[in-house]
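What follows is the content of input_15.cif, which has mmCIF, C-alpha atoms; chains and numbers go by the auth columns:
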data_entry
#
loop_
_atom_site.group_PDB
_atom_site.id
_atom_site.type_symbol
_atom_site.label_atom_id
_atom_site.label_comp_id
_atom_site.label_asym_id
_atom_site.label_seq_id
_atom_site.Cartn_x
_atom_site.Cartn_y
_atom_site.Cartn_z
_atom_site.B_iso_or_equiv
_atom_site.auth_seq_id
_atom_site.auth_asym_id
ATOM 1 C CA SER A 1 11.982 -46.056 14.779 0.00 258 I
ATOM 2 C CA GLN A 2 12.958 -45.041 11.282 0.00 259 I
ATOM 3 C CA GLN A 3 10.731 -46.485 8.574 0.00 260 I
ATOM 4 C CA GLY A 4 13.016 -45.424 5.781 0.00 261 I
ATOM 5 C CA GLU A 5 16.702 -45.777 5.340 0.00 262 I
ATOM 6 C CA GLU A 6 18.365 -43.631 2.743 0.00 263 I
ATOM 7 C CA ASP A 7 21.398 -44.493 0.717 0.00 264 I
ATOM 8 C CA PRO A 8 23.897 -42.976 0.354 0.00 265 I
ATOM 9 C CA GLN A 9 24.139 -40.939 3.547 0.00 266 I
ATOM 10 C CA ALA A 10 26.097 -38.282 1.679 0.00 267 I
ATOM 11 C CA LEU A 11 26.643 -37.526 -1.993 0.00 268 I
ATOM 12 C CA SER A 12 28.894 -34.960 -3.668 0.00 269 I
ATOM 13 C CA ILE A 13 28.567 -34.258 -7.370 0.00 270 I
ATOM 14 C CA GLN A 14 29.476 -31.622 -9.932 0.00 271 I
ATOM 15 C CA GLU A 15 26.912 -29.166 -11.188 0.00 272 I
ATOM 16 C CA GLY A 16 25.162 -30.570 -14.247 0.00 273 I
ATOM 17 C CA GLU A 17 25.491 -34.189 -13.150 0.00 274 I
ATOM 18 C CA ASN A 18 22.570 -36.343 -12.068 0.00 275 I
ATOM 19 C CA ALA A 19 22.035 -37.314 -8.434 0.00 276 I
ATOM 20 C CA THR A 20 20.328 -40.526 -7.385 0.00 277 I
ATOM 21 C CA MET A 21 19.178 -41.260 -3.854 0.00 278 I
ATOM 22 C CA ASN A 22 17.617 -44.477 -2.667 0.00 279 I
ATOM 23 C CA CYS A 23 15.185 -45.227 0.125 0.00 280 I
ATOM 24 C CA SER A 24 14.159 -48.522 1.651 0.00 281 I
ATOM 25 C CA TYR A 25 11.215 -48.979 3.972 0.00 282 I
ATOM 26 C CA LYS A 26 9.949 -51.783 6.145 0.00 283 I
ATOM 27 C CA THR A 27 6.166 -52.120 6.002 0.00 284 I
ATOM 28 C CA SER A 28 3.493 -51.808 3.349 0.00 285 I
ATOM 29 C CA ILE A 29 2.658 -48.221 2.488 0.00 286 I
ATOM 30 C CA ASN A 30 -0.147 -46.064 1.119 0.00 287 I
ATOM 31 C CA ASN A 31 2.280 -43.599 -0.383 0.00 288 I
ATOM 32 C CA LEU A 32 5.878 -42.476 -0.228 0.00 289 I
ATOM 33 C CA GLN A 33 6.931 -38.842 -0.188 0.00 290 I
ATOM 34 C CA TRP A 34 10.219 -37.040 -0.719 0.00 291 I
ATOM 35 C CA TYR A 35 11.183 -33.860 1.081 0.00 292 I
ATOM 36 C CA ARG A 36 14.112 -31.458 0.873 0.00 293 I
ATOM 37 C CA GLN A 37 15.646 -29.620 3.799 0.00 294 I
ATOM 38 C CA ASN A 38 17.985 -26.685 3.345 0.00 295 I
ATOM 39 C CA SER A 39 20.341 -25.886 6.190 0.00 296 I
ATOM 40 C CA GLY A 40 18.539 -24.188 9.055 0.00 297 I
ATOM 41 C CA ARG A 41 15.120 -24.497 7.430 0.00 298 I
ATOM 42 C CA GLY A 42 12.094 -26.767 7.612 0.00 299 I
ATOM 43 C CA LEU A 43 11.353 -29.638 5.262 0.00 300 I
ATOM 44 C CA VAL A 44 9.771 -28.853 1.923 0.00 301 I
ATOM 45 C CA HIS A 45 7.600 -31.371 0.129 0.00 302 I
ATOM 46 C CA LEU A 46 8.898 -32.344 -3.314 0.00 303 I
ATOM 47 C CA ILE A 47 6.841 -35.194 -4.668 0.00 304 I
ATOM 48 C CA LEU A 48 4.414 -37.941 -3.613 0.00 305 I
ATOM 49 C CA ILE A 49 4.055 -41.337 -5.227 0.00 306 I
ATOM 50 C CA ARG A 50 1.169 -43.624 -4.413 0.00 307 I
ATOM 51 C CA SER A 51 1.568 -47.325 -3.781 0.00 308 I
ATOM 52 C CA ASN A 52 -0.111 -48.182 -7.098 0.00 309 I
ATOM 53 C CA GLU A 53 2.250 -45.963 -9.094 0.00 310 I
ATOM 54 C CA ARG A 54 5.664 -46.996 -10.344 0.00 311 I
ATOM 55 C CA GLU A 55 7.129 -43.752 -11.577 0.00 312 I
ATOM 56 C CA LYS A 56 6.411 -40.070 -11.295 0.00 313 I
ATOM 57 C CA HIS A 57 8.026 -36.930 -12.718 0.00 314 I
ATOM 58 C CA SER A 58 8.073 -33.336 -11.568 0.00 315 I
ATOM 59 C CA GLY A 59 10.381 -30.966 -13.415 0.00 316 I
ATOM 60 C CA ARG A 60 13.927 -32.264 -12.939 0.00 317 I
ATOM 61 C CA LEU A 61 12.765 -34.836 -10.394 0.00 318 I
ATOM 62 C CA ARG A 62 11.986 -38.457 -11.166 0.00 319 I
ATOM 63 C CA VAL A 63 10.769 -40.838 -8.477 0.00 320 I
ATOM 64 C CA THR A 64 10.361 -44.568 -8.807 0.00 321 I
ATOM 65 C CA LEU A 65 8.673 -46.974 -6.439 0.00 322 I
ATOM 66 C CA ASP A 66 9.108 -50.728 -6.231 0.00 323 I
ATOM 67 C CA THR A 67 6.692 -52.079 -3.637 0.00 324 I
ATOM 68 C CA SER A 68 7.937 -55.644 -4.096 0.00 325 I
ATOM 69 C CA LYS A 69 11.374 -54.528 -2.941 0.00 326 I
ATOM 70 C CA LYS A 70 10.046 -51.886 -0.558 0.00 327 I
ATOM 71 C CA SER A 71 12.268 -49.296 -2.129 0.00 328 I
ATOM 72 C CA SER A 72 12.121 -45.948 -3.871 0.00 329 I
ATOM 73 C CA SER A 73 14.606 -43.756 -5.658 0.00 330 I
ATOM 74 C CA LEU A 74 14.803 -40.032 -6.299 0.00 331 I
ATOM 75 C CA LEU A 75 16.685 -38.818 -9.346 0.00 332 I
ATOM 76 C CA ILE A 76 17.590 -35.161 -9.760 0.00 333 I
ATOM 77 C CA THR A 77 18.728 -34.443 -13.298 0.00 334 I
ATOM 78 C CA ALA A 78 21.065 -31.653 -14.382 0.00 335 I
ATOM 79 C CA SER A 79 21.824 -30.705 -10.791 0.00 336 I
ATOM 80 C CA ARG A 80 22.440 -27.113 -9.720 0.00 337 I
ATOM 81 C CA ALA A 81 24.299 -25.638 -6.781 0.00 338 I
ATOM 82 C CA ALA A 82 20.891 -24.645 -5.369 0.00 339 I
ATOM 83 C CA ASP A 83 19.992 -28.354 -5.085 0.00 340 I
ATOM 84 C CA THR A 84 22.487 -28.650 -2.228 0.00 341 I
ATOM 85 C CA ALA A 85 20.377 -29.848 0.705 0.00 342 I
ATOM 86 C CA SER A 86 19.361 -32.934 2.659 0.00 343 I
ATOM 87 C CA TYR A 87 16.739 -35.157 1.080 0.00 344 I
ATOM 88 C CA PHE A 88 14.376 -37.359 3.065 0.00 345 I
ATOM 89 C CA CYS A 89 11.935 -40.034 2.103 0.00 346 I
ATOM 90 C CA ALA A 90 8.815 -40.434 4.209 0.00 347 I
ATOM 91 C CA ALA A 91 6.511 -43.416 4.220 0.00 348 I
ATOM 92 C CA GLN A 92 2.811 -43.207 4.985 0.00 349 I
ATOM 93 C CA SER A 93 1.467 -46.506 6.161 0.00 350 I
ATOM 94 C CA SER A 94 -1.869 -46.873 7.934 0.00 351 I
ATOM 95 C CA GLY A 95 -3.191 -43.814 9.680 0.00 352 I
ATOM 96 C CA ASP A 96 -2.137 -40.247 9.184 0.00 353 I
ATOM 97 C CA LYS A 97 1.497 -40.392 10.230 0.00 354 I
ATOM 98 C CA LEU A 98 4.608 -40.117 8.125 0.00 355 I
ATOM 99 C CA THR A 99 7.760 -41.947 9.146 0.00 356 I
ATOM 100 C CA PHE A 100 10.871 -40.250 7.866 0.00 357 I
ATOM 101 C CA GLY A 101 14.112 -41.791 6.731 0.00 358 I
ATOM 102 C CA THR A 102 17.572 -40.848 7.841 0.00 359 I
ATOM 103 C CA GLY A 103 18.254 -38.544 4.904 0.00 360 I
ATOM 104 C CA THR A 104 20.863 -38.078 2.190 0.00 361 I
ATOM 105 C CA ARG A 105 23.074 -34.999 2.296 0.00 362 I
ATOM 106 C CA LEU A 106 23.627 -33.783 -1.247 0.00 363 I
ATOM 107 C CA ALA A 107 26.386 -31.332 -2.106 0.00 364 I
ATOM 108 C CA VAL A 108 26.474 -29.930 -5.651 0.00 365 I
ATOM 109 C CA ARG A 109 29.797 -28.313 -6.507 0.00 366 I
ATOM 110 C CA PRO A 110 29.658 -25.309 -8.864 0.00 367 I
ATOM 111 C CA ASP B 1 0.000 -17.388 1.549 0.00 155 X
ATOM 112 C CA ALA B 2 1.654 -17.547 4.952 0.00 156 X
ATOM 113 C CA GLY B 3 3.219 -20.860 5.753 0.00 157 X
ATOM 114 C CA VAL B 4 3.505 -22.556 9.123 0.00 158 X
ATOM 115 C CA ILE B 5 4.856 -20.075 11.624 0.00 159 X
ATOM 116 C CA GLN B 6 6.896 -21.141 14.627 0.00 160 X
ATOM 117 C CA SER B 7 8.233 -19.086 17.487 0.00 161 X
ATOM 118 C CA PRO B 8 10.727 -18.526 18.843 0.00 162 X
ATOM 119 C CA ARG B 9 13.303 -19.460 16.192 0.00 163 X
ATOM 120 C CA HIS B 10 15.964 -19.936 18.808 0.00 164 X
ATOM 121 C CA GLU B 11 15.714 -20.590 22.529 0.00 165 X
ATOM 122 C CA VAL B 12 18.559 -20.959 24.976 0.00 166 X
ATOM 123 C CA THR B 13 17.682 -21.656 28.565 0.00 167 X
ATOM 124 C CA GLU B 14 19.025 -23.341 31.634 0.00 168 X
ATOM 125 C CA MET B 15 18.217 -26.811 32.776 0.00 169 X
ATOM 126 C CA GLY B 16 15.085 -26.973 34.891 0.00 170 X
ATOM 127 C CA GLN B 17 13.359 -24.050 33.221 0.00 171 X
ATOM 128 C CA GLU B 18 10.007 -24.317 31.499 0.00 172 X
ATOM 129 C CA VAL B 19 10.110 -24.008 27.718 0.00 173 X
ATOM 130 C CA THR B 20 7.123 -23.213 25.518 0.00 174 X
ATOM 131 C CA LEU B 21 7.265 -23.553 21.754 0.00 175 X
ATOM 132 C CA ARG B 22 4.518 -22.099 19.599 0.00 176 X
ATOM 133 C CA CYS B 23 3.063 -22.925 16.228 0.00 177 X
ATOM 134 C CA LYS B 24 0.515 -21.357 13.902 0.00 178 X
ATOM 135 C CA PRO B 25 -0.547 -23.817 11.197 0.00 179 X
ATOM 136 C CA ILE B 26 -1.698 -22.924 7.701 0.00 180 X
ATOM 137 C CA SER B 27 -5.285 -21.760 7.736 0.00 181 X
ATOM 138 C CA GLY B 28 -7.694 -24.506 6.763 0.00 182 X
ATOM 139 C CA HIS B 29 -5.354 -27.359 7.569 0.00 183 X
ATOM 140 C CA ASP B 30 -6.953 -30.012 9.754 0.00 184 X
ATOM 141 C CA TYR B 31 -3.801 -31.769 10.903 0.00 185 X
ATOM 142 C CA LEU B 32 -0.939 -30.484 13.020 0.00 186 X
ATOM 143 C CA PHE B 33 2.230 -32.419 13.778 0.00 187 X
ATOM 144 C CA TRP B 34 5.099 -31.796 16.205 0.00 188 X
ATOM 145 C CA TYR B 35 8.500 -33.311 15.356 0.00 189 X
ATOM 146 C CA ARG B 36 11.923 -33.287 16.968 0.00 190 X
ATOM 147 C CA GLN B 37 15.111 -33.501 14.915 0.00 191 X
ATOM 148 C CA THR B 38 18.513 -34.494 16.276 0.00 192 X
ATOM 149 C CA MET B 39 21.647 -35.820 14.643 0.00 193 X
ATOM 150 C CA MET B 40 21.440 -39.038 16.610 0.00 194 X
ATOM 151 C CA ARG B 41 17.763 -39.889 16.166 0.00 195 X
ATOM 152 C CA GLY B 42 16.798 -38.042 13.014 0.00 196 X
ATOM 153 C CA LEU B 43 13.266 -36.701 12.661 0.00 197 X
ATOM 154 C CA GLU B 44 10.850 -38.100 15.234 0.00 198 X
ATOM 155 C CA LEU B 45 7.103 -37.529 15.426 0.00 199 X
ATOM 156 C CA LEU B 46 6.143 -36.459 18.924 0.00 200 X
ATOM 157 C CA ILE B 47 2.392 -35.905 18.678 0.00 201 X
ATOM 158 C CA TYR B 48 -0.248 -34.972 16.153 0.00 202 X
ATOM 159 C CA PHE B 49 -3.681 -33.383 16.253 0.00 203 X
ATOM 160 C CA ASN B 50 -6.718 -33.648 14.012 0.00 204 X
ATOM 161 C CA ASN B 51 -9.272 -30.842 14.296 0.00 205 X
ATOM 162 C CA ASN B 52 -7.569 -29.682 17.517 0.00 206 X
ATOM 163 C CA VAL B 53 -7.851 -33.114 19.163 0.00 207 X
ATOM 164 C CA PRO B 54 -4.682 -35.052 20.052 0.00 208 X
ATOM 165 C CA ILE B 55 -4.746 -38.317 18.120 0.00 209 X
ATOM 166 C CA ASP B 56 -1.421 -39.967 18.837 0.00 210 X
ATOM 167 C CA ASP B 57 1.049 -38.864 21.487 0.00 211 X
ATOM 168 C CA SER B 58 3.038 -42.096 21.573 0.00 212 X
ATOM 169 C CA GLY B 59 6.159 -40.246 20.468 0.00 213 X
ATOM 170 C CA MET B 60 6.194 -37.862 23.415 0.00 214 X
ATOM 171 C CA PRO B 61 9.342 -38.888 25.276 0.00 215 X
ATOM 172 C CA GLU B 62 8.081 -38.512 28.822 0.00 216 X
ATOM 173 C CA ASP B 63 5.703 -36.688 31.100 0.00 217 X
ATOM 174 C CA ARG B 64 7.849 -33.579 31.019 0.00 218 X
ATOM 175 C CA PHE B 65 6.496 -32.953 27.515 0.00 219 X
ATOM 176 C CA SER B 66 2.962 -31.745 26.878 0.00 220 X
ATOM 177 C CA ALA B 67 1.189 -30.300 23.848 0.00 221 X
ATOM 178 C CA LYS B 68 -2.051 -28.427 23.420 0.00 222 X
ATOM 179 C CA MET B 69 -4.102 -27.075 20.567 0.00 223 X
ATOM 180 C CA PRO B 70 -6.726 -24.728 22.032 0.00 224 X
ATOM 181 C CA ASN B 71 -7.986 -23.672 18.588 0.00 225 X
ATOM 182 C CA ALA B 72 -7.419 -24.306 14.911 0.00 226 X
ATOM 183 C CA SER B 73 -4.789 -21.585 14.571 0.00 227 X
ATOM 184 C CA PHE B 74 -2.509 -22.217 17.531 0.00 228 X
ATOM 185 C CA SER B 75 -0.598 -25.004 19.224 0.00 229 X
ATOM 186 C CA THR B 76 2.025 -25.170 21.948 0.00 230 X
ATOM 187 C CA LEU B 77 4.620 -27.721 22.948 0.00 231 X
ATOM 188 C CA LYS B 78 5.802 -27.368 26.516 0.00 232 X
ATOM 189 C CA ILE B 79 8.739 -28.939 28.300 0.00 233 X
ATOM 190 C CA GLN B 80 8.781 -28.699 32.082 0.00 234 X
ATOM 191 C CA PRO B 81 11.328 -29.117 33.532 0.00 235 X
ATOM 192 C CA SER B 82 13.773 -28.976 30.652 0.00 236 X
ATOM 193 C CA GLU B 83 16.937 -31.095 30.506 0.00 237 X
ATOM 194 C CA PRO B 84 20.090 -30.842 28.345 0.00 238 X
ATOM 195 C CA ARG B 85 19.037 -33.961 26.377 0.00 239 X
ATOM 196 C CA ASP B 86 15.971 -32.048 25.158 0.00 240 X
ATOM 197 C CA SER B 87 18.267 -29.893 23.020 0.00 241 X
ATOM 198 C CA ALA B 88 17.127 -30.315 19.420 0.00 242 X
ATOM 199 C CA VAL B 89 15.308 -28.588 16.598 0.00 243 X
ATOM 200 C CA TYR B 90 11.545 -28.816 17.042 0.00 244 X
ATOM 201 C CA PHE B 91 9.353 -28.594 13.967 0.00 245 X
ATOM 202 C CA CYS B 92 5.676 -28.032 13.568 0.00 246 X
ATOM 203 C CA ALA B 93 3.932 -29.137 10.375 0.00 247 X
ATOM 204 C CA SER B 94 0.360 -28.993 9.120 0.00 248 X
ATOM 205 C CA SER B 95 -1.565 -30.708 6.383 0.00 249 X
ATOM 206 C CA GLU B 96 -5.001 -30.744 4.838 0.00 250 X
ATOM 207 C CA ASP B 97 -7.471 -33.565 5.208 0.00 251 X
ATOM 208 C CA ARG B 98 -6.118 -37.074 5.654 0.00 252 X
ATOM 209 C CA GLY B 99 -4.975 -39.156 2.793 0.00 253 X
ATOM 210 C CA TYR B 100 -2.461 -38.330 0.166 0.00 254 X
ATOM 211 C CA GLN B 101 -1.590 -34.897 1.441 0.00 255 X
ATOM 212 C CA PRO B 102 1.905 -33.474 1.931 0.00 256 X
ATOM 213 C CA GLN B 103 2.926 -31.869 5.174 0.00 257 X
ATOM 214 C CA HIS B 104 4.000 -28.224 5.323 0.00 258 X
ATOM 215 C CA PHE B 105 6.757 -27.504 7.807 0.00 259 X
ATOM 216 C CA GLY B 106 7.693 -24.411 9.730 0.00 260 X
ATOM 217 C CA ASP B 107 11.330 -23.408 9.987 0.00 261 X
ATOM 218 C CA GLY B 108 11.636 -24.882 13.449 0.00 262 X
ATOM 219 C CA THR B 109 12.745 -23.796 16.894 0.00 263 X
ATOM 220 C CA ARG B 110 16.361 -24.533 17.739 0.00 264 X
ATOM 221 C CA LEU B 111 16.336 -25.314 21.450 0.00 265 X
ATOM 222 C CA SER B 112 19.469 -25.416 23.573 0.00 266 X
ATOM 223 C CA ILE B 113 19.238 -26.441 27.207 0.00 267 X
ATOM 224 C CA LEU B 114 22.378 -25.586 29.165 0.00 268 X
#

Take the structure in the file and give it back as structure tokens.
Amino acid sequence: SQQGEEDPQALSIQEGENATMNCSYKTSINNLQWYRQNSGRGLVHLILIRSNEREKHSGRLRVTLDTSKKSSSLLITASRAADTASYFCAAQSSGDKLTFGTGTRLAVRP
Amino acid sequence: DAGVIQSPRHEVTEMGQEVTLRCKPISGHDYLFWYRQTMMRGLELLIYFNNNVPIDDSGMPEDRFSAKMPNASFSTLKIQPSEPRDSAVYFCASSEDRGYQPQHFGDGTRLSIL
């Protein structure tokens, strides 16, 4: 079963705008990860936030984590056409497995 | 550095045939994961290995599916006999030691069973 549910399912924005994607999960976690998937390719790891962290930055990416609400958000600032992809959150609970969300399809219009 | 390598990239075969998917993980990675991705069910973990030993195969859909990892640099996922509902993209991923480590994915095998 899916641990994470992403919202929205699809997002279309203009180049230069910010894109925000949200993820909700069901059980307590050790960490939450975000991945990007370009069409026809495998998933690429973007950023990992641990359960004791609230916010993390990497370049144009900003991730927040609210363990009380079991939710996370991914913000991409100053979006580019090359950011067009599907974005997935993945929750690591006990053990070594990741459980992936349903994904958000992001389209950035030039 | 070479990433995770999967072969073939595409496979089209008829129902009832045996299908073998192959994966070479990143050198030095202790964990190997097999996933299946479909529109309906999203990304599902099928099985994962640690140091070549299968740890959790609870995601393997049925006995028609089997996976092996004979050594640290090679794994196979086999479907015998194949059925049209097995059509999906199959991904292999590897990661370093347990804990807060990201997974590195191959580009997948797109499998179509006619």

* Step by step, work through what the PyMOL selection byres ((chain X and resi 176) around 9) selects in the shown file, and finish by giving those residues as an NGL selection string. => :X and (159-162 or 174-175 or 177-178 or 228-232 or 246 or 263)

For the selection you just gave me, I'd like the residues written to a file as a PDB file, in the frame of the given file, keeping C-alpha atoms.
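Result written to out20.pdb:
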ATOM      1  CA  ILE X 159       4.856 -20.075  11.624  1.00  0.00           C
ATOM      2  CA  GLN X 160       6.896 -21.141  14.627  1.00  0.00           C
ATOM      3  CA  SER X 161       8.233 -19.086  17.487  1.00  0.00           C
ATOM      4  CA  PRO X 162      10.727 -18.526  18.843  1.00  0.00           C
ATOM      5  CA  THR X 174       7.123 -23.213  25.518  1.00  0.00           C
ATOM      6  CA  LEU X 175       7.265 -23.553  21.754  1.00  0.00           C
ATOM      7  CA  CYS X 177       3.063 -22.925  16.228  1.00  0.00           C
ATOM      8  CA  LYS X 178       0.515 -21.357  13.902  1.00  0.00           C
ATOM      9  CA  PHE X 228      -2.509 -22.217  17.531  1.00  0.00           C
ATOM     10  CA  SER X 229      -0.598 -25.004  19.224  1.00  0.00           C
ATOM     11  CA  THR X 230       2.025 -25.170  21.948  1.00  0.00           C
ATOM     12  CA  LEU X 231       4.620 -27.721  22.948  1.00  0.00           C
ATOM     13  CA  LYS X 232       5.802 -27.368  26.516  1.00  0.00           C
ATOM     14  CA  CYS X 246       5.676 -28.032  13.568  1.00  0.00           C
ATOM     15  CA  THR X 263      12.745 -23.796  16.894  1.00  0.00           C
TER      16      THR X 263
END

Could you tell me which residues the PyMOL selection byres ((chain X) within 6 of (chain I)) returns for this structure, as a PDB file with C-alpha atoms, in the coordinates of the input?
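Once written, result_26.pdb looks like this:
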ATOM      1  CA  GLY X 196      16.798 -38.042  13.014  1.00  0.00           C
ATOM      2  CA  PHE X 259       6.757 -27.504   7.807  1.00  0.00           C
ATOM      3  CA  GLY X 260       7.693 -24.411   9.730  1.00  0.00           C
ATOM      4  CA  ASP X 261      11.330 -23.408   9.987  1.00  0.00           C
TER       5      ASP X 261
END

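CA of Asn205 (chain X) lies 24.5 Å from CA of Val173 (chain X).
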
* Quick one: which residues end up in the PyMOL selection byres ((chain I and resi 323) around 10) for this structure, as a list of chain:residue names? ->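 So the PyMOL selection byres ((chain I and resi 323) around 10) ends up selecting I:Ser281, I:Ser308, I:Asn309, I:Glu310, I:Arg311, I:Glu312, I:Thr321, I:Leu322, I:Thr324, I:Ser325, I:Lys326, I:Lys327, I:Ser328, I:Ser329, I:Ser330.
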
* Atomic distance CA of Cys346 (chain I) - CA of Cys280 (chain I), expressed in Å with one decimal ->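 Computed distance, CA of Cys346 (chain I) to CA of Cys280 (chain I), equals 6.4 Å.
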
* To do: Give me, please, the distance in Å between CA of Ile270 (chain I) and CA of Ser336 (chain I), quoted to one decimal.
  => 8.4 Å

* Selection: 9 Å around Arg317 (chain I), only C-alpha atoms, excl. self and same-chain fewer than 4 positions, as a list in words ->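 Residues meeting the cut-off are Leu332, Ile333, Thr334, Ala335 and Ser336 of chain I.
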
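Every protein, DNA or RNA residue with an atom at most 7 Å from Glu237 (chain X), where only C-alpha atoms count and chain neighbours fewer than 3 positions away do not, is listed here: X:Met169, X:Gly170, X:Asp240, X:Ile267.
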